[in-house]
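Source file: structure04.cif. Holds: mmCIF, C-alpha atoms.
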data_entry
#
loop_
_atom_site.label_atom_id
_atom_site.label_comp_id
_atom_site.auth_asym_id
_atom_site.auth_seq_id
_atom_site.Cartn_x
_atom_site.Cartn_y
_atom_site.Cartn_z
CA MET O 1 -47.72 35.92 -24.78
CA SER O 2 -45.02 35.10 -22.26
CA THR O 3 -45.59 35.59 -18.56
CA PRO O 4 -43.19 37.84 -16.56
CA SER O 5 -41.70 34.78 -14.76
CA SER O 6 -41.05 32.69 -17.91
CA PRO O 7 -37.58 32.96 -19.55
CA PRO O 8 -37.45 34.91 -22.80
CA LYS O 9 -37.50 32.84 -25.98
CA LYS O 10 -34.31 32.80 -28.05
CA SER O 11 -34.57 34.56 -31.38
CA TRP O 12 -32.60 32.62 -34.03
CA SER O 13 -31.85 35.61 -36.29
CA TRP O 14 -28.46 37.03 -37.33
CA ARG O 15 -28.87 39.69 -34.66
CA SER O 16 -29.27 36.97 -32.02
CA GLN O 17 -26.19 36.48 -29.83
CA ALA O 18 -27.06 32.81 -29.27
CA PHE O 19 -27.32 32.17 -33.04
CA ARG O 20 -23.99 33.87 -33.77
CA GLY O 21 -22.33 31.94 -30.92
CA LEU O 22 -23.58 28.60 -32.29
CA LEU O 23 -22.52 29.54 -35.83
CA TYR O 24 -18.99 30.48 -34.73
CA GLN O 25 -18.62 27.14 -32.90
CA ILE O 26 -19.74 25.20 -35.98
CA VAL O 27 -17.31 27.13 -38.18
CA ALA O 28 -14.45 26.48 -35.73
CA ILE O 29 -15.18 22.73 -35.67
CA VAL O 30 -15.32 22.59 -39.48
CA VAL O 31 -12.00 24.45 -39.76
CA VAL O 32 -10.32 22.05 -37.32
CA LEU O 33 -11.70 18.99 -39.16
CA LEU O 34 -10.54 20.37 -42.52
CA ALA O 35 -7.07 21.00 -41.08
CA VAL O 36 -6.87 17.45 -39.73
CA LEU O 37 -8.04 16.00 -43.06
CA TYR O 38 -5.51 18.12 -44.96
CA LEU O 39 -2.65 16.99 -42.73
CA ALA O 40 -3.71 13.33 -42.96
CA HIS O 41 -4.04 13.50 -46.76
CA ASN O 42 -0.73 15.34 -47.13
CA THR O 43 1.07 12.80 -44.89
CA THR O 44 -0.43 9.81 -46.75
CA THR O 45 0.46 11.28 -50.17
CA ASN O 46 4.07 12.00 -49.20
CA MET O 47 4.48 8.54 -47.68
CA LYS O 48 3.22 6.94 -50.92
CA LEU O 49 5.55 9.09 -53.04
CA ARG O 50 8.52 7.91 -50.97
CA GLY O 51 7.42 4.28 -50.98
CA ILE O 52 6.78 4.19 -47.23
CA GLN O 53 4.27 1.57 -46.16
CA SER O 54 1.50 2.59 -43.78
CA GLY O 55 -1.15 0.88 -41.68
CA PHE O 56 -1.32 -1.13 -38.48
CA ASP O 57 -1.09 -4.57 -40.11
CA PHE O 58 2.48 -4.94 -38.76
CA LEU O 59 1.03 -5.42 -35.26
CA THR O 60 0.14 -9.04 -36.04
CA GLY O 61 3.60 -9.91 -37.40
CA PRO O 62 6.41 -11.42 -35.28
CA ALA O 63 8.34 -8.84 -33.28
CA GLY O 64 11.72 -10.51 -33.72
CA PHE O 65 13.25 -9.05 -30.56
CA ASP O 66 13.39 -9.99 -26.92
CA ILE O 67 12.35 -7.78 -24.00
CA GLY O 68 14.59 -7.82 -20.94
CA GLU O 69 11.82 -7.24 -18.41
CA SER O 70 8.28 -8.52 -18.72
CA PHE O 71 5.40 -9.10 -16.30
CA PHE O 72 4.43 -12.17 -18.33
CA THR O 73 6.30 -14.48 -20.68
CA PHE O 74 7.37 -13.02 -24.02
CA ASP O 75 9.77 -14.22 -26.73
CA SER O 76 10.89 -12.85 -30.06
CA GLY O 77 8.50 -15.02 -32.04
CA GLU O 78 5.42 -13.31 -30.63
CA SER O 79 3.59 -10.43 -32.31
CA TYR O 80 4.22 -6.69 -32.12
CA TRP O 81 0.91 -6.03 -30.37
CA ARG O 82 1.97 -8.35 -27.57
CA ALA O 83 5.30 -6.52 -27.34
CA TYR O 84 3.37 -3.26 -27.02
CA LEU O 85 1.27 -4.88 -24.30
CA VAL O 86 4.45 -5.74 -22.37
CA GLY O 87 5.62 -2.11 -22.70
CA PHE O 88 2.21 -0.80 -21.61
CA VAL O 89 2.18 -3.03 -18.50
CA ASN O 90 5.75 -1.94 -17.67
CA THR O 91 4.65 1.70 -17.92
CA LEU O 92 1.68 1.02 -15.63
CA ARG O 93 3.95 -0.73 -13.09
CA VAL O 94 6.01 2.44 -12.75
CA ALA O 95 3.05 4.84 -12.81
CA VAL O 96 0.75 3.07 -10.32
CA VAL O 97 3.43 2.14 -7.76
CA GLY O 98 5.04 5.56 -8.19
CA ILE O 99 1.77 7.40 -7.53
CA VAL O 100 1.15 5.44 -4.33
CA LEU O 101 4.69 5.99 -3.00
CA THR O 102 4.69 9.64 -4.07
CA THR O 103 1.43 10.28 -2.20
CA LEU O 104 2.76 8.74 1.03
CA LEU O 105 6.19 10.40 0.86
CA GLY O 106 4.89 13.80 -0.29
CA THR O 107 2.22 13.92 2.43
CA LEU O 108 4.71 13.01 5.17
CA ILE O 109 7.18 15.67 4.03
CA GLY O 110 4.45 18.28 3.57
CA VAL O 111 3.12 17.68 7.09
CA GLY O 112 6.71 17.58 8.39
CA ARG O 113 7.17 21.19 7.26
CA PHE O 114 4.82 22.14 10.14
CA SER O 115 6.67 20.12 12.79
CA ARG O 116 7.70 21.89 15.98
CA ASN O 117 10.98 19.97 15.79
CA ALA O 118 13.46 22.23 13.99
CA LEU O 119 15.54 19.26 12.74
CA ILE O 120 12.55 17.55 11.10
CA ARG O 121 11.35 20.85 9.64
CA GLY O 122 14.82 21.59 8.27
CA LEU O 123 15.28 18.13 6.76
CA CYS O 124 11.91 18.36 4.99
CA SER O 125 12.79 21.81 3.62
CA ALA O 126 16.21 20.60 2.45
CA TYR O 127 14.62 17.59 0.72
CA VAL O 128 12.23 19.79 -1.23
CA GLU O 129 14.84 22.35 -2.27
CA PHE O 130 17.36 19.70 -3.28
CA PHE O 131 15.28 17.28 -5.31
CA ARG O 132 12.88 19.64 -7.05
CA ASN O 133 15.75 21.76 -8.44
CA ILE O 134 17.59 18.87 -10.14
CA PRO O 135 16.25 17.72 -13.55
CA VAL O 136 14.40 14.44 -13.33
CA LEU O 137 16.43 12.89 -16.16
CA LEU O 138 19.62 13.60 -14.23
CA GLN O 139 18.14 11.95 -11.16
CA LEU O 140 17.22 8.83 -13.14
CA LEU O 141 20.78 8.59 -14.44
CA MET O 142 22.14 9.12 -10.91
CA TRP O 143 20.08 6.26 -9.48
CA TYR O 144 20.94 4.01 -12.42
CA LEU O 145 24.67 4.65 -12.03
CA MET O 146 24.39 3.96 -8.31
CA PHE O 147 22.72 0.59 -8.91
CA THR O 148 25.04 -0.47 -11.72
CA GLU O 149 28.37 0.98 -10.51
CA VAL O 150 28.33 1.38 -6.72
CA LEU O 151 26.59 -1.83 -5.65
CA PRO O 152 28.56 -5.12 -5.57
CA ALA O 153 28.40 -7.70 -8.35
CA SER O 154 25.71 -10.37 -8.41
CA ASN O 155 28.09 -13.06 -7.14
CA GLU O 156 28.92 -10.97 -4.05
CA PRO O 157 25.59 -9.33 -3.13
CA LEU O 158 24.65 -7.39 -0.03
CA VAL O 159 22.60 -9.75 2.14
CA LEU O 160 19.85 -8.15 4.22
CA GLY O 161 18.10 -11.12 5.82
CA PRO O 162 16.22 -12.88 2.99
CA PHE O 163 16.92 -9.94 0.61
CA PHE O 164 19.84 -9.71 -1.82
CA LEU O 165 20.90 -6.35 -3.26
CA SER O 166 23.46 -6.19 -6.07
CA LYS O 167 24.07 -4.85 -9.57
CA GLY O 168 21.51 -7.40 -10.69
CA GLY O 169 18.80 -5.61 -8.68
CA LEU O 170 16.81 -6.54 -5.59
CA ASN O 171 15.92 -10.20 -5.00
CA PHE O 172 13.32 -11.12 -2.39
CA PRO O 173 11.25 -14.16 -1.27
CA ILE O 174 7.80 -14.70 -2.76
CA PRO O 175 5.11 -17.18 -1.66
CA GLU O 176 4.59 -20.25 -3.78
CA TRP O 177 1.09 -20.12 -5.24
CA ALA O 178 -1.57 -22.14 -3.37
CA THR O 179 -5.34 -22.11 -2.88
CA GLY O 180 -4.93 -20.43 0.49
CA HIS O 181 -3.67 -17.29 -1.22
CA VAL O 182 -6.94 -17.01 -3.15
CA TRP O 183 -8.82 -17.21 0.15
CA GLY O 184 -6.48 -14.62 1.60
CA ALA O 185 -7.18 -12.28 -1.35
CA TRP O 186 -10.93 -12.66 -0.85
CA GLY O 187 -10.42 -11.98 2.85
CA LEU O 188 -8.54 -8.77 2.04
CA LEU O 189 -11.35 -7.68 -0.28
CA ALA O 190 -13.94 -8.34 2.44
CA GLY O 191 -11.71 -6.46 4.89
CA VAL O 192 -11.57 -3.42 2.62
CA ILE O 193 -15.37 -3.38 2.42
CA GLY O 194 -15.58 -3.74 6.20
CA ALA O 195 -13.06 -0.92 6.71
CA VAL O 196 -15.07 1.41 4.45
CA LEU O 197 -18.25 0.64 6.40
CA TYR O 198 -16.44 1.18 9.72
CA ARG O 199 -15.05 4.57 8.58
CA SER O 200 -18.55 5.65 7.58
CA TYR O 201 -19.88 4.59 10.99
CA ALA O 202 -16.99 6.32 12.81
CA LYS O 203 -17.57 9.55 10.88
CA LYS O 204 -21.29 9.61 11.70
CA SER O 205 -20.54 8.77 15.34
CA PHE O 206 -18.06 11.68 15.54
CA GLU O 207 -20.59 14.10 14.05
CA GLN O 208 -23.32 12.97 16.48
CA THR O 209 -21.37 12.48 19.73
CA GLY O 210 -18.04 14.27 19.21
CA ARG O 211 -16.16 11.11 20.25
CA VAL O 212 -13.12 10.46 18.11
CA LYS O 213 -12.68 6.89 16.85
CA SER O 214 -9.61 5.53 15.14
CA MET O 215 -9.80 6.22 11.39
CA PHE O 216 -6.55 4.48 10.45
CA TRP O 217 -5.41 1.77 12.84
CA THR O 218 -8.83 0.15 13.32
CA PRO O 219 -9.60 0.00 9.55
CA LEU O 220 -6.07 -1.34 8.98
CA ALA O 221 -6.65 -4.01 11.63
CA ILE O 222 -9.97 -4.96 9.97
CA VAL O 223 -8.31 -5.39 6.56
CA LEU O 224 -5.35 -7.38 7.90
CA GLY O 225 -7.53 -9.47 10.21
CA ALA O 226 -9.91 -10.41 7.39
CA GLY O 227 -6.99 -11.27 5.13
CA ILE O 228 -5.36 -13.48 7.77
CA LEU O 229 -8.70 -15.17 8.48
CA GLY O 230 -9.14 -15.97 4.78
CA TRP O 231 -5.56 -17.26 4.63
CA LEU O 232 -6.21 -19.52 7.65
CA LEU O 233 -9.45 -20.85 6.14
CA GLY O 234 -7.55 -21.63 2.94
CA GLY O 235 -5.11 -23.90 4.74
CA ALA O 236 -2.50 -21.32 5.81
CA PRO O 237 0.13 -22.04 3.12
CA THR O 238 3.59 -20.97 4.32
CA VAL O 239 5.91 -22.25 1.59
CA LEU O 240 8.11 -19.47 0.23
CA ASN O 241 10.23 -19.40 -2.91
CA MET O 242 13.47 -18.13 -1.37
CA PRO O 243 16.24 -16.49 -3.40
CA VAL O 244 19.57 -18.30 -3.22
CA GLN O 245 23.02 -17.23 -4.31
CA GLY O 246 24.12 -19.09 -7.43
CA GLU O 247 27.54 -19.25 -9.02
CA PHE O 248 27.04 -16.15 -11.19
CA ALA O 249 23.73 -14.61 -10.09
CA ILE O 250 20.92 -14.78 -7.55
CA GLU O 251 18.47 -17.54 -8.39
CA ASN O 252 14.80 -18.15 -7.50
CA GLY O 253 12.52 -15.76 -5.62
CA GLY O 254 11.22 -12.47 -6.99
CA ALA O 255 13.43 -9.78 -8.53
CA LEU O 256 13.30 -6.07 -9.36
CA THR O 257 15.80 -4.99 -12.00
CA PRO O 258 18.14 -1.97 -11.57
CA GLU O 259 16.32 -0.21 -14.43
CA TYR O 260 12.91 -0.53 -12.76
CA LEU O 261 14.26 0.49 -9.34
CA SER O 262 16.04 3.50 -10.86
CA VAL O 263 12.92 4.74 -12.66
CA LEU O 264 10.67 4.14 -9.66
CA LEU O 265 12.96 5.82 -7.12
CA GLY O 266 13.85 8.73 -9.40
CA LEU O 267 10.26 9.60 -10.32
CA THR O 268 8.94 9.05 -6.78
CA ILE O 269 11.54 11.19 -5.03
CA TYR O 270 11.35 13.95 -7.65
CA THR O 271 7.53 14.16 -7.75
CA ALA O 272 7.17 13.86 -3.95
CA ALA O 273 9.04 17.17 -3.59
CA PHE O 274 6.28 18.92 -5.58
CA VAL O 275 3.46 17.02 -3.85
CA SER O 276 4.82 18.03 -0.44
CA GLU O 277 4.63 21.70 -1.45
CA VAL O 278 1.06 21.19 -2.62
CA VAL O 279 0.19 19.60 0.74
CA ARG O 280 1.90 22.45 2.61
CA GLY O 281 0.00 25.06 0.61
CA GLY O 282 -3.30 23.25 1.17
CA ILE O 283 -2.80 23.12 4.93
CA GLN O 284 -1.84 26.80 5.04
CA SER O 285 -5.04 27.65 3.16
CA VAL O 286 -7.11 26.51 6.17
CA ALA O 287 -7.89 29.38 8.53
CA LEU O 288 -5.75 29.50 11.67
CA GLY O 289 -8.89 29.68 13.78
CA GLN O 290 -9.71 26.09 12.84
CA SER O 291 -6.61 24.72 14.59
CA GLU O 292 -7.19 27.04 17.56
CA ALA O 293 -10.76 25.82 17.87
CA ALA O 294 -9.59 22.19 17.66
CA ALA O 295 -7.07 22.81 20.42
CA ALA O 296 -9.76 24.51 22.51
CA ILE O 297 -11.92 21.37 22.49
CA GLY O 298 -8.98 19.22 23.57
CA LEU O 299 -7.78 17.63 20.34
CA SER O 300 -4.12 16.77 20.20
CA ARG O 301 -1.86 18.20 17.49
CA GLY O 302 -2.00 14.95 15.52
CA GLN O 303 -5.79 14.77 15.80
CA THR O 304 -6.08 18.39 14.74
CA MET O 305 -4.03 17.73 11.62
CA ARG O 306 -5.82 14.46 10.77
CA LEU O 307 -9.42 15.36 11.65
CA VAL O 308 -9.60 19.11 11.08
CA MET O 309 -6.84 20.50 8.87
CA LEU O 310 -6.26 17.79 6.24
CA PRO O 311 -9.98 17.17 5.41
CA GLN O 312 -10.45 20.90 4.75
CA ALA O 313 -7.19 21.18 2.86
CA LEU O 314 -8.11 18.34 0.45
CA ARG O 315 -10.31 20.62 -1.68
CA VAL O 316 -7.21 22.72 -2.36
CA ILE O 317 -4.74 19.83 -2.57
CA ILE O 318 -6.47 17.44 -4.97
CA PRO O 319 -6.47 19.47 -8.25
CA PRO O 320 -2.72 20.32 -8.23
CA VAL O 321 -1.85 16.82 -6.97
CA THR O 322 -3.70 15.42 -9.98
CA ASN O 323 -1.35 17.42 -12.20
CA GLN O 324 1.63 15.89 -10.40
CA TYR O 325 0.23 12.39 -10.95
CA LEU O 326 -0.10 13.14 -14.65
CA ASN O 327 3.45 14.50 -14.74
CA LEU O 328 4.78 11.36 -13.08
CA THR O 329 3.02 9.14 -15.62
CA LYS O 330 4.28 11.15 -18.58
CA ASN O 331 7.81 11.47 -17.15
CA SER O 332 7.99 7.66 -17.11
CA SER O 333 8.75 7.97 -20.84
CA LEU O 334 12.24 9.17 -19.79
CA ALA O 335 12.91 5.57 -18.69
CA VAL O 336 14.05 4.86 -22.24
CA ALA O 337 17.27 6.78 -21.35
CA ILE O 338 18.38 3.99 -18.98
CA GLY O 339 17.08 1.06 -20.99
CA TYR O 340 13.85 0.29 -19.13
CA PRO O 341 11.50 -1.39 -21.66
CA ASP O 342 8.43 0.82 -21.36
CA VAL O 343 6.04 1.53 -24.21
CA VAL O 344 8.31 4.24 -25.68
CA SER O 345 11.27 1.87 -25.80
CA ILE O 346 9.18 -0.83 -27.50
CA ALA O 347 7.85 1.72 -30.01
CA ASN O 348 11.38 2.92 -30.84
CA THR O 349 12.46 -0.64 -31.58
CA ALA O 350 9.34 -1.21 -33.71
CA ILE O 351 10.04 1.99 -35.70
CA ASN O 352 13.60 0.89 -36.44
CA GLN O 353 12.41 -2.52 -37.67
CA THR O 354 9.24 -1.62 -39.59
CA GLY O 355 9.59 2.06 -40.51
CA ARG O 356 5.97 2.70 -39.36
CA ALA O 357 6.88 5.86 -37.46
CA VAL O 358 3.48 7.56 -37.70
CA GLU O 359 1.63 4.49 -36.46
CA CYS O 360 4.06 3.81 -33.60
CA ILE O 361 3.97 7.44 -32.44
CA ALA O 362 0.16 7.30 -32.61
CA ILE O 363 0.16 4.24 -30.32
CA ILE O 364 2.42 6.04 -27.81
CA MET O 365 0.10 9.06 -27.83
CA LEU O 366 -2.94 6.81 -27.36
CA VAL O 367 -1.33 5.06 -24.36
CA TYR O 368 -0.42 8.27 -22.53
CA LEU O 369 -3.67 10.01 -23.44
CA SER O 370 -5.80 7.11 -22.13
CA THR O 371 -3.83 6.71 -18.88
CA SER O 372 -3.87 10.47 -18.25
CA LEU O 373 -7.61 10.75 -18.89
CA PHE O 374 -8.31 7.79 -16.59
CA THR O 375 -6.21 9.39 -13.83
CA SER O 376 -7.91 12.74 -14.31
CA ILE O 377 -11.43 11.24 -14.25
CA THR O 378 -10.66 9.21 -11.12
CA MET O 379 -9.23 12.21 -9.25
CA ASN O 380 -12.12 14.45 -10.31
CA TRP O 381 -14.54 11.85 -8.94
CA TYR O 382 -12.59 11.79 -5.66
CA ASN O 383 -12.49 15.58 -5.58
CA THR O 384 -16.28 15.69 -5.91
CA ARG O 385 -16.69 13.21 -3.04
CA SER O 386 -14.24 15.12 -0.84
CA ALA O 387 -15.79 18.53 -1.44
CA ILE O 388 -17.27 20.21 1.62
CA LYS O 389 -21.06 19.96 1.46
CA GLU O 390 -22.64 23.29 2.33
CA ARG O 391 -26.24 23.52 3.41
#
Using structure tokens, write down the structure that the file contains.
Amino acid sequence: MSTPSSPPKKSWSWRSQAFRGLLYQIVAIVVVLLAVLYLAHNTTTNMKLRGIQSGFDFLTGPAGFDIGESFFTFDSGESYWRAYLVGFVNTLRVAVVGIVLTTLLGTLIGVGRFSRNALIRGLCSAYVEFFRNIPVLLQLLMWYLMFTEVLPASNEPLVLGPFFLSKGGLNFPIPEWATGHVWGAWGLLAGVIGAVLYRSYAKKSFEQTGRVKSMFWTPLAIVLGAGILGWLLGGAPTVLNMPVQGEFAIENGGALTPEYLSVLLGLTIYTAAFVSEVVRGGIQSVALGQSEAAAAIGLSRGQTMRLVMLPQALRVIIPPVTNQYLNLTKNSSLAVAIGYPDVVSIANTAINQTGRAVECIAIIMLVYLSTSLFTSITMNWYNTRSAIKER
């Protein structure tokens, strides 16, 4: 006999709501699986009737085509899976760098909408209304035409100090690899750990004493100082691989192609317009009394925004910003329109050469699904950490 405080036992009869709920879920899963099996069987049968080969065995065969832009060496004699790897890395280069730049630009513009300076407020509003109302594909084409038509030829580049800008892209100096750079990288890693510990200490100190410590410049100084110290301990290598103007093109140094710059700028500027509106909405969701209370205790306007408004607005900002990150990653597939060799471009070439359309489309879906899920999981973890803890 159950006690009054114990939960009632579930009755697994047809009249039980729990039993019927479980049964309906099982039936739904079986129906979905049967539909997937039917579609897979139907597709395989039709492909056999038409003499179309299937399977992923083509991935180990030679690709037979070159890729214009690669993070590592690749030639036409290497396999298809390595070509896909080049396309995947090129997609990540756009997505990761684009997300970082979009966050910085969107936050600045979103905060700028609250500026007391009418010019800054107007420029931020004009930026948002202009760029978010033009299709992203059109913006990619605009940037690509600017790089390939407006800029001078590679033999007559614009020289900005050690930088060369031309139709061939942006060329810049890069350090020649040495042991000191490894030490510098370890120093930066140690600096990041030290900056995290300092921010934790500064936050606790603020909660206990009310004294505001630097949460940006001091951590930045710790990271840079540790990196420079590691670089000095490693011998302080200073040799740079400088770009030089050749007879027909810029030689040596590092280079960013017009295709990569067009995709990166187009996606960053377009997505930042939406992120800025998310930031603006998050800040407006914080009660006005919070800023008035911050001003009453003597915090400046910048401190109020950084220490009071933005931390509270994060719980509203993070979920929609995650959607914008996912949109930026998926919109990178439009890069195929201007010839940037991302994973979609590589897959299109593989389809034309092998006829394995189903397999190549499946690989594209797997790439975007995995990157989107990783982004979503990471942002959900950060959202949980940033949530306001109520007692």
Report as AutoDock Vina command-line options the centre and the edge lengths, in Å to one decimal, of the axis-aligned box holding every listed atom of segment 252-256 of chain O, padded by 8 Å on each side.
--center_x 13.0 --center_y -12.1 --center_z -7.5 --size_x 19.6 --size_y 28.1 --size_z 19.7
Go through O:Leu310, O:Ala357, O:Ile26, O:Val275 one by one, measure the shortest atom-to-atom distance of each to Asn327 of chain O using only C-alpha atoms, and give the residue with the smallest value.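 Of all the options, O:Val275 lies closest to Asn327 of chain O.
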Residues matched by the PyMOL selection byres ((chain O and resi 153) around 8) as a PyMOL selection string: chain O and resi 151-152+154-157+166-168
For Leu229 of chain O, the closest of O:Phe274, O:Gly253, O:His181, O:Ser200 counting all atoms listed in the file is O:His181
Expected residue set, 12 Å radius at (3.2, -3.6, -38.3), only C-alpha atoms, as an MDAnalysis selection string: chainID O and resid 53:64 79:84 347 349:360 363
Can you work out the spacing between atom CA of Ala190 of chain O and atom CA of Ala226 of chain O in Å, to one decimal?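 Answer for the atom CA of Ala190 of chain O to atom CA of Ala226 of chain O separation: 6.7 Å.
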Nearest to Ala272 of chain O: which of O:Ile377, O:Val316, O:Leu307, O:Val100 is it, counting only C-alpha atoms?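 Of O:Ile377, O:Val316, O:Leu307, O:Val100, the one nearest Ala272 of chain O is O:Val100, counting only C-alpha atoms.
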Would you list the contacts of Ile269 of chain O as a list in words, taking every protein, DNA or RNA residue within 9 Å and counting only C-alpha atoms, but skipping same-chain residues closer than 2 positions in sequence?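 Counting only C-alpha atoms, the residues come to Leu101, Thr102, Leu105, Gly106, Phe131, Arg132, Leu264, Leu265, Gly266, Leu267, Thr271, Ala272 and Ala273 of chain O.
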Looking at O:Val223, O:Val86, O:Leu328, O:Ala362, which one is nearest to Tyr340 of chain O, with distances taken over only C-alpha atoms?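 Distance minimum relative to Tyr340 of chain O lands on O:Val86.
The two atoms in question, atom CA of Ala28 of chain O and atom CA of Ala40 of chain O, are spaced 18.5 Å apart.
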Using all atoms listed in the file, which of the listed residues (O:Ser333, O:Pro243, O:Trp183, O:Gly87) sits closest to Phe74 of chain O?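 Among the listed residues, the smallest separation from Phe74 of chain O belongs to O:Gly87.
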